[in-house]
Structure formats: C-alpha cells, structure tokens
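Colleague: Can you keep this structure in mind? I'll have questions shortly.
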Amino acid sequence: MNPLPLVAVAGSPNAGKSALFNALTGARQKVGNYPGVTVERKSGRLVLADGRPVEMVDLPGAYSLDPASPDEAVTRDVLLGKQKGERQPDALVIVLDASNLDNHLRFALQLIELGLPTIVALNMVDLAKRDGLELDPKQLETELGVPVIETVAVRRRGITELQTALDDMLSAPFCGVHDHVKSDLIHLQRRAREIATAAVISETPVRRWTHRLDAVLLHPVIGPVILAAIMFVMFQAVFAWSEAPKSWIEDGVAWLSNMVSAGLPAGLLRSMVVDGAIAGVGAVITFLPQILILFLFILLLEGTGYMVRAAFLMDRLMHGVGLSGRAFIPLLSSFACAVPGIMATRTIEDPKDRLTTILVAPLMTCSARLPVYTLMIAAFIPNTRLVWGVGLQGLVMFGLYVCGIVGALLAAFVLRRGVLKGGGGGFMMELPKYQWPSLKDVAIGLLTRAEIFLKRAGTIILGTTIILWALASIPQAAPGQKQSEVSIAGHIANGIEAVVKPIGFNHDISMALLPAMAAREVAVSSIATVYSIDSPDERAGANKLEDQLQHRWSLATALAFLAWFVFAPQCISTIAVTRRETNGWKWPLFMVSYLFVLAYCAAGLTYWTAVALGL
Amino acid sequence: MNAPFHPDSISLDQLELGSRARVASVSWDSLDHGEACRLRHFGFDEGVTVEPLHLGPFGRDPIAVRVGRMTVAIRRRHAGAIRVVPLTR
C-alpha cells in the first residue's frame, strides 16, 4: 500500500503556522519527537473533498534554510528529505504573515526554490487590513509562480479554498525536487522586498493597535506593574475558579468508591480497588481543574503575543543572574510542567545559558506540586480573607511560587559563577502583533494537556499507587498493630525516616517520599492510600484526608513538607528529559543532587524555625 | 570586513526613541555567528530603516526596534554594533 501523501506546513515564527495547521487538521493530532533530536513533531490528518486522506506535518518555525537553531535544522532536513524518521514531503504549504511580507518572503523564496509543489497561504490578512495594508494576492501569485490563497487561520477563513488548492496540486503529476539551490541571503532579501512592494495595493498609515498596546504594556513603569498583576491574578484564579469543579470531581470519586464498596465483597480485592486505585487516583484527578486553569492562562498569554513582551520586560533582570529573557518562556512553561519547559529551552542559542535554564527549570512550581500544596494549605492554613479578593490561602500559595522563583534565580546566579562560568548571553526575539487567539486553538491546547495528565493518572500514578497499596498492605497487621508500621512499606519508610527525622518528617511522609519519585502528585495519593488502609472503616475522600492530616501532623511538619516540595527533584520524567536534552547522565545527576541538598536544607530550616517559634 | 566610515553616523543604541534612521553599517565581526545570522534573518542590513520603540524597564535594556514591518527586541550590546544615520523629517 502506498503511504498517504505527506504535506508539510512551513513558515517563519509568528506567521500563524500552528493556527493554520489546527484549522486544517482539527483536534486529532499526534505530538511526538523526531528520533535522535529533541524537536517536537506535530502531525495530523486532513481529508480532502473527495475523501482522500492526507498526512499533514507542522514543521518547526524557521526564518531561513540556513539553520541558527536545532529546530531550524530539522525544518531544513525534512524539506530536503534528509531527516531521519520522516519521508520527504510530497507538497508544501508556506504560511506568510501578510503584514510582514518583506521579511517572510525571503524564507518563502528559499522554499519555492526547492521545487516541491507549493501553495502559499497569505495569512492574517485581517490584521494587515487593520493596519491599513491592502495586498494583491494575484500579483504575488505572478511574482512567486505558485498559487496564493488569502487566509485568516484563527477565524478559519480561506481554509476551504486552501484545501481545494491542495486537492488540485496533489492530483497533478510531480517531477521531484532540486537539491538545495543556495541563493545568497542578501540577494533573496532584496528580491523579497521588491515583491513585497509590488504586492501592496494601498497602504494607509494608521496608528497601529500593537503600537498603542505596547506603549502601555512595555512602559518602563506601568509594564512591570501589569506583568506582576497578571501573574498574581493567575495564581489567585488557579485557586478560586477551581473550587466548584473540584468538589464535583470529589463527589464523583466518593460516589464511585461507595458503589464499588457496595458491589464487591470485603477482602483484599475490594481493598485494592477502593483503598489503592480509587483513593489514590481519585486524590490526584481532583487537581485537573487547577492544572487546566493554569494552562489556560499560559495558552492565552502565548496566543495573544503577551508572553514575548513578558520576556522583554524580564530580560535585564534575568541577565543579572546569568540567564536571558528567552529563558523566561521555558521557565514560565515550567510552572505548568518542567518537561515541556526544558524542551522549550531549545530556543536558547547559547549552550551555557540553555544548560543553566534546564538546571533551574525544576525549581519553578510545576502543576504536579499543586496537589501537594493545595492539600497542605487547605489542611493547615486558615481560610481567612485579608482584603477583598485576597485570601490567606492564596497568599501562601503565591509565597510558595515566589520561593521557587527566588530559588531558581539564586541557583542560576551561583551556577553561572561556578560550574557554568563564561559565555555571553544573547537576546533577540521578534515581538509579534497582538491578536485574539481562537477559542479552538486554546481548546485544542487544553485538551492535549488534559489528555497527558489523565494518561499519567491512568498509568504512572495508578501503577505506583497499586504497588504502594500492596507494599502497605502486606503483611497484614495483627489486631492492635498499626498496618502502616508492620507492612513492607512501613519497614522501608523506617529506613528513610532515619534520614529525614531531623527535618521534622514523620513516618507517613517517609512512606510517601519514595513513590513520589515517580511524580510529585503521587505523594498525595500515597498518603491517601496509607490512611485509607489504616482506617478501613472510613471511606476516605479528599476532605477526610485534610482532617486526618490536621490530627496527625504538626504545623511545623506541614511547613517543612511544603518547603521540601519547593525544591525536591521528585519527578522521573524531568530527570529523563534532562538526560535526553543534555545527552548524558552527568547533568541530570548533578541536578538531582543539588536539588535534594537544597530541599533537605530548606525543609530543615523551616522546621527548626517553626519549632523555635513554638508552632 | 571593515565597515566603511560614515562621519554623521551614531550607534543604534544612542538613537532616540521614536526617531527613524537608516542603517549605515553593521560590524558583523563583533557579533558571534548565531547572533549575526539572527540579525540578518530579522532583516537588519545596510540601507534599511530602523526605529527604536521601547526600552526595557531595567537598565534601559533590551531595545525594541522596528525594522521593516517587524518589531524585534535586541540587547543594547547588539544595537551598539549597528551604525545608523538619523533621518530628518
């Protein structure tokens, strides 16, 4: 059987390439990696009008076929048919930002020279019009010698026309590509400017929206204030908006747990399903709403174009500790999860800048810490309102985030003066136009995140919870003995406890620390499982868990536990991705050890201080 | 390659916000390969018109510069490598 025709979507960053790809392929996308390199491969399927399926691949954004980053190298190699794990595309869709033709046409000219069947999508024509720029696609078609379709990908305009053009093109016979014809950059740039000028019908100078917004958002005083306000609102929202959906999920888990308890005879199987699987996984999936809210903010900030402005505002401060503004985006993504954050460091060109960013990324409070933080805060911090809209619980959460950030900056500062000395950081970024992201693109982004989270809950978290349940249930305790102390897990925990007792950690924490290496949120499910096994008469839901914690832990212990989680590198995926991104075990091992030392010291200091204060 | 001397040129980081200038020369040699490549990709080249728009809030660094139809952020150090001749209105 012949493989499906492969169509590549290529374009410069900020041309709206991903939005166009989403509009063409819809929600069914596969995200993977190119073998041997850590560059994301996004593919999807498009069905043409006559029912023929076509495979679409979204190439990494590039400014030119002469790569300045690993991403750009992949784009070049795929197009030349030299990329491992990818066949050469049968056709090409080039996405151009209509209001930035003189720059984007240079790359387009290079791509057209390759000789692949090509269509140009003249994207974001609405924004160009808003800026008073009217273009002639027919003129552009004549100059470029390939079909040009006007599109507004975020509004799905021009998508049908683009599909029809693709259909025609894939039906026509095709005679193979030239090898890389290398016209020089300067020549291409001049030609690009000529064509761009020829394609303009009229240009009315207007006060551009982006310019007006930037006057406020990049203002030397107002700008940073707005950035801080946005960050603050984001973290308050993670708490406030998630309350209702969180309680629905909790009710659902409790209902399921009761149903299963009623349906299964008492015994080991019921204990495994109810105390192990449902209590453990249930405790973790209640945090789905919070994770989605956090990602919603990040997707919106990225989609509107604000994220790059944040990088601009922060660059100098980041430079002060030896990072670049470019590190701001990977670090902000690390608030959601360090894995995509570390992968996003690929956009940092300087190798030492990049390595420093990778090493401090796990200090940014990822969403997997949220379950731990939320549980501890709900159990130990009173829900008092300080002023309108600002609660004490939200403030403590904000404080924990700040600890992570300060920790990361200090760590970067020390690393850049120690093991990673030298190398000058650069910072060069395009500030794209502001625009409303389409709901659909945001929804697709959220859906992908929810899927990844639930998959983790269904695999790693389910697996480790069941193993922990088994370790915690065997051997069975005799009457009068505590299950969590006689079991295998109890004995392992005794060993860990010897090490962590000085910093205030109790037996329950020691038991949760080991499985939490798989993923931080497992700490919550582990504690839930242990308590659920210890008190088989109660059906422990998440609310119960908070009450139990209040009875069993001192405030000092709870605070030490929180401090531990600000720093501890407890996530196998992060360690794995660091190994992959740094090509070896040296740096991940370094990262794990420095973070454990930090975590131990921070927890210890917190505990001793709290005890000294009489908490 | 030595940049030709322009008597009335200043470096881009000394240009006032909101005033336009033509790029007279870029000392590509003072930039590393990746930085030079990026600047070219953004369209910096002898003869193009540039206009600094915004400054970073801390230490007036980085600088947001309009080049062609794009706005790009570069560090003060990079701007120092670009000599420009201010345009009079």
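So you can find residues: chains in the structure tokens are A, B, ... in the order shown, residues in each start at 1, and ligands are numbered from 1 in order.
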Wanna dump the chain A-chain B contacts at 8 Å for me, each residue with its shortest atom pair and the distance in Å to one decimal, counting only C-alpha atoms, ordered by chain and number, as JSON lines?
Modeller:
{"residue": "A:Tyr63", "atom": "CA", "partner": "B:His41", "partner_atom": "CA", "distance": 6.0}
{"residue": "A:Ser64", "atom": "CA", "partner": "B:His41", "partner_atom": "CA", "distance": 7.1}
{"residue": "A:Ala68", "atom": "CA", "partner": "B:Gly34", "partner_atom": "CA", "distance": 5.9}
{"residue": "A:Ser99", "atom": "CA", "partner": "B:Arg69", "partner_atom": "CA", "distance": 7.1}
{"residue": "A:Asn100", "atom": "CA", "partner": "B:Arg69", "partner_atom": "CA", "distance": 5.5}
{"residue": "A:Asp102", "atom": "CA", "partner": "B:Gly68", "partner_atom": "CA", "distance": 7.3}
{"residue": "A:Asn103", "atom": "CA", "partner": "B:Gly43", "partner_atom": "CA", "distance": 6.4}
{"residue": "A:Gln189", "atom": "CA", "partner": "B:Gly43", "partner_atom": "CA", "distance": 7.6}
{"residue": "A:Ala215", "atom": "CA", "partner": "B:His54", "partner_atom": "CA", "distance": 7.8}
{"residue": "A:Leu218", "atom": "CA", "partner": "B:His54", "partner_atom": "CA", "distance": 6.8}
{"residue": "A:His219", "atom": "CA", "partner": "B:Pro57", "partner_atom": "CA", "distance": 7.3}
{"residue": "A:Pro220", "atom": "CA", "partner": "B:Pro57", "partner_atom": "CA", "distance": 4.1}
{"residue": "A:Val221", "atom": "CA", "partner": "B:Pro57", "partner_atom": "CA", "distance": 6.8}
{"residue": "A:Gly223", "atom": "CA", "partner": "B:Pro57", "partner_atom": "CA", "distance": 7.9}
{"residue": "A:Pro224", "atom": "CA", "partner": "B:Pro57", "partner_atom": "CA", "distance": 7.5}
{"residue": "A:Phe312", "atom": "CA", "partner": "B:Gly56", "partner_atom": "CA", "distance": 6.6}
{"residue": "A:Leu313", "atom": "CA", "partner": "B:Gly56", "partner_atom": "CA", "distance": 5.6}
{"residue": "A:Met314", "atom": "CA", "partner": "B:Gly56", "partner_atom": "CA", "distance": 8.0}
{"residue": "A:Asp315", "atom": "CA", "partner": "B:Pro62", "partner_atom": "CA", "distance": 7.0}
{"residue": "A:Arg316", "atom": "CA", "partner": "B:Phe58", "partner_atom": "CA", "distance": 5.9}
{"residue": "A:Leu317", "atom": "CA", "partner": "B:Phe58", "partner_atom": "CA", "distance": 7.1}
{"residue": "A:Glu349", "atom": "CA", "partner": "B:Gly34", "partner_atom": "CA", "distance": 7.5}
{"residue": "A:Gly426", "atom": "CA", "partner": "B:Arg75", "partner_atom": "CA", "distance": 7.1}
{"residue": "A:Phe427", "atom": "CA", "partner": "B:Ile74", "partner_atom": "CA", "distance": 5.8}
{"residue": "A:Met428", "atom": "CA", "partner": "B:Ile74", "partner_atom": "CA", "distance": 4.7}
{"residue": "A:Met429", "atom": "CA", "partner": "B:Ala73", "partner_atom": "CA", "distance": 5.2}
{"residue": "A:Glu430", "atom": "CA", "partner": "B:Val72", "partner_atom": "CA", "distance": 4.2}
{"residue": "A:Leu431", "atom": "CA", "partner": "B:Val72", "partner_atom": "CA", "distance": 5.3}
{"residue": "A:Pro432", "atom": "CA", "partner": "B:Thr71", "partner_atom": "CA", "distance": 7.1}
Colleague: Pick out each residue of stretch 9-85 of chain B that DSSP on the backbone tags as strand (DSSP E); I need them as a PyMOL selection string.
Modeller: chain B and resi 10-11+21-26+49-55+63-67+70-74+82-85
Colleague: Produce a file of the selected residues containing C-alpha atoms, as a CSV table (one decimal), in the first residue's frame.
Modeller:
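The result, written out as out-v4.csv:
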chain,number,residue,atom,x,y,z
B,10,ILE,CA,25.8,57.1,15.5
B,11,SER,CA,25.3,53.7,17.0
B,21,ALA,CA,17.4,56.2,11.0
B,22,ARG,CA,19.0,54.4,8.1
B,23,VAL,CA,21.5,51.6,8.8
B,24,ALA,CA,24.9,52.7,7.5
B,25,SER,CA,26.9,49.7,8.5
B,26,VAL,CA,26.8,46.7,10.8
B,49,THR,CA,15.2,52.0,8.0
B,50,VAL,CA,15.1,51.3,11.7
B,51,GLU,CA,13.3,53.0,14.6
B,52,PRO,CA,13.8,52.2,18.3
B,53,LEU,CA,10.4,52.0,20.0
B,54,HIS,CA,10.7,50.8,23.6
B,55,LEU,CA,13.4,50.2,26.2
B,63,ILE,CA,15.8,47.7,23.0
B,64,ALA,CA,12.7,47.0,20.8
B,65,VAL,CA,13.5,48.2,17.3
B,66,ARG,CA,11.2,48.4,14.4
B,67,VAL,CA,12.9,47.1,11.3
B,70,MET,CA,8.8,43.8,12.2
B,71,THR,CA,9.5,44.8,15.7
B,72,VAL,CA,12.3,42.9,17.3
B,73,ALA,CA,14.0,43.0,20.7
B,74,ILE,CA,17.8,43.1,20.8
B,82,ILE,CA,24.9,48.8,14.3
B,83,ARG,CA,25.8,52.3,13.0
B,84,VAL,CA,22.9,54.4,11.7
B,85,VAL,CA,22.4,57.8,10.1
Colleague: As a PDB file with C-alpha atoms, in the first residue's frame, please: the residues near stretch 191-207 of chain A (cut-off 7 Å, only C-alpha atoms, same-chain neighbours under 3 positions excluded).
Modeller:
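Writing done, so here's selection-v8.pdb:
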ATOM      1  CA  LEU A 101       5.875  40.135   3.738  1.00  0.00           C
ATOM      2  CA  ASP A 102       9.259  41.763   3.194  1.00  0.00           C
ATOM      3  CA  LEU A 105       9.039  36.279   1.641  1.00  0.00           C
ATOM      4  CA  ARG A 106      12.766  35.662   1.942  1.00  0.00           C
ATOM      5  CA  ASP A 131      -3.030  48.164   9.967  1.00  0.00           C
ATOM      6  CA  GLY A 132      -4.151  49.845   6.738  1.00  0.00           C
ATOM      7  CA  LEU A 133      -2.311  47.469   4.397  1.00  0.00           C
ATOM      8  CA  GLU A 134      -4.075  46.113   1.321  1.00  0.00           C
ATOM      9  CA  LEU A 135      -2.375  43.405  -0.726  1.00  0.00           C
ATOM     10  CA  ASP A 136      -2.893  41.918  -4.181  1.00  0.00           C
ATOM     11  CA  GLN A 139       0.242  39.984  -8.170  1.00  0.00           C
ATOM     12  CA  LEU A 140       2.001  37.909  -5.543  1.00  0.00           C
ATOM     13  CA  GLU A 143       5.779  37.076  -8.871  1.00  0.00           C
ATOM     14  CA  HIS A 187      20.013  38.605  -2.842  1.00  0.00           C
ATOM     15  CA  LEU A 188      16.897  36.823  -1.552  1.00  0.00           C
TER      16      LEU A 188
END
Colleague: When distances are computed from only C-alpha atoms, which of A:Ala73, A:Leu363, A:Leu20, A:Leu109 shows the smallest separation from A:Arg346?
Modeller: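 When distances to A:Arg346 are compared using only C-alpha atoms, the smallest one comes from A:Ala73.
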Colleague: Mind the document's chain letters and residue numbers, and return as a short mmCIF file (atom, residue, chain, number, x, y, z; two decimals) with N, CA and C atoms, in the first residue's frame the residues of chain B that DSSP labels alpha helix (DSSP H).
Modeller:
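Full text of selection-v6.cif as output:
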data_model
loop_
_atom_site.label_atom_id
_atom_site.label_comp_id
_atom_site.auth_asym_id
_atom_site.auth_seq_id
_atom_site.Cartn_x
_atom_site.Cartn_y
_atom_site.Cartn_z
N HIS B 33 28.58 34.14 15.34
CA HIS B 33 27.92 33.69 14.12
C HIS B 33 26.40 33.64 14.26
N GLY B 34 25.93 33.03 15.37
CA GLY B 34 24.49 32.87 15.58
C GLY B 34 23.78 34.22 15.65
N GLU B 35 24.40 35.16 16.39
CA GLU B 35 23.78 36.48 16.55
C GLU B 35 23.70 37.21 15.22
N ALA B 36 24.79 37.13 14.45
CA ALA B 36 24.82 37.80 13.16
C ALA B 36 23.75 37.21 12.24
N CYS B 37 23.65 35.88 12.28
CA CYS B 37 22.67 35.17 11.46
C CYS B 37 21.25 35.65 11.80
N ARG B 38 20.96 35.71 13.12
CA ARG B 38 19.63 36.13 13.57
C ARG B 38 19.32 37.56 13.13
N LEU B 39 20.30 38.45 13.32
CA LEU B 39 20.08 39.84 12.93
C LEU B 39 19.74 39.93 11.45
N ARG B 40 20.46 39.16 10.63
CA ARG B 40 20.17 39.16 9.19
C ARG B 40 18.78 38.61 8.93
N HIS B 41 18.40 37.53 9.65
CA HIS B 41 17.06 36.96 9.47
C HIS B 41 15.98 37.97 9.80
N ARG B 76 21.24 45.88 24.09
CA ARG B 76 21.99 47.11 23.87
C ARG B 76 23.34 46.82 23.18
N ARG B 77 23.96 45.71 23.59
CA ARG B 77 25.26 45.33 23.04
C ARG B 77 25.18 45.12 21.51
N HIS B 78 24.07 44.45 21.07
CA HIS B 78 23.91 44.22 19.63
C HIS B 78 23.65 45.54 18.91
N ALA B 79 22.82 46.39 19.56
CA ALA B 79 22.50 47.67 18.94
C ALA B 79 23.76 48.50 18.76
#
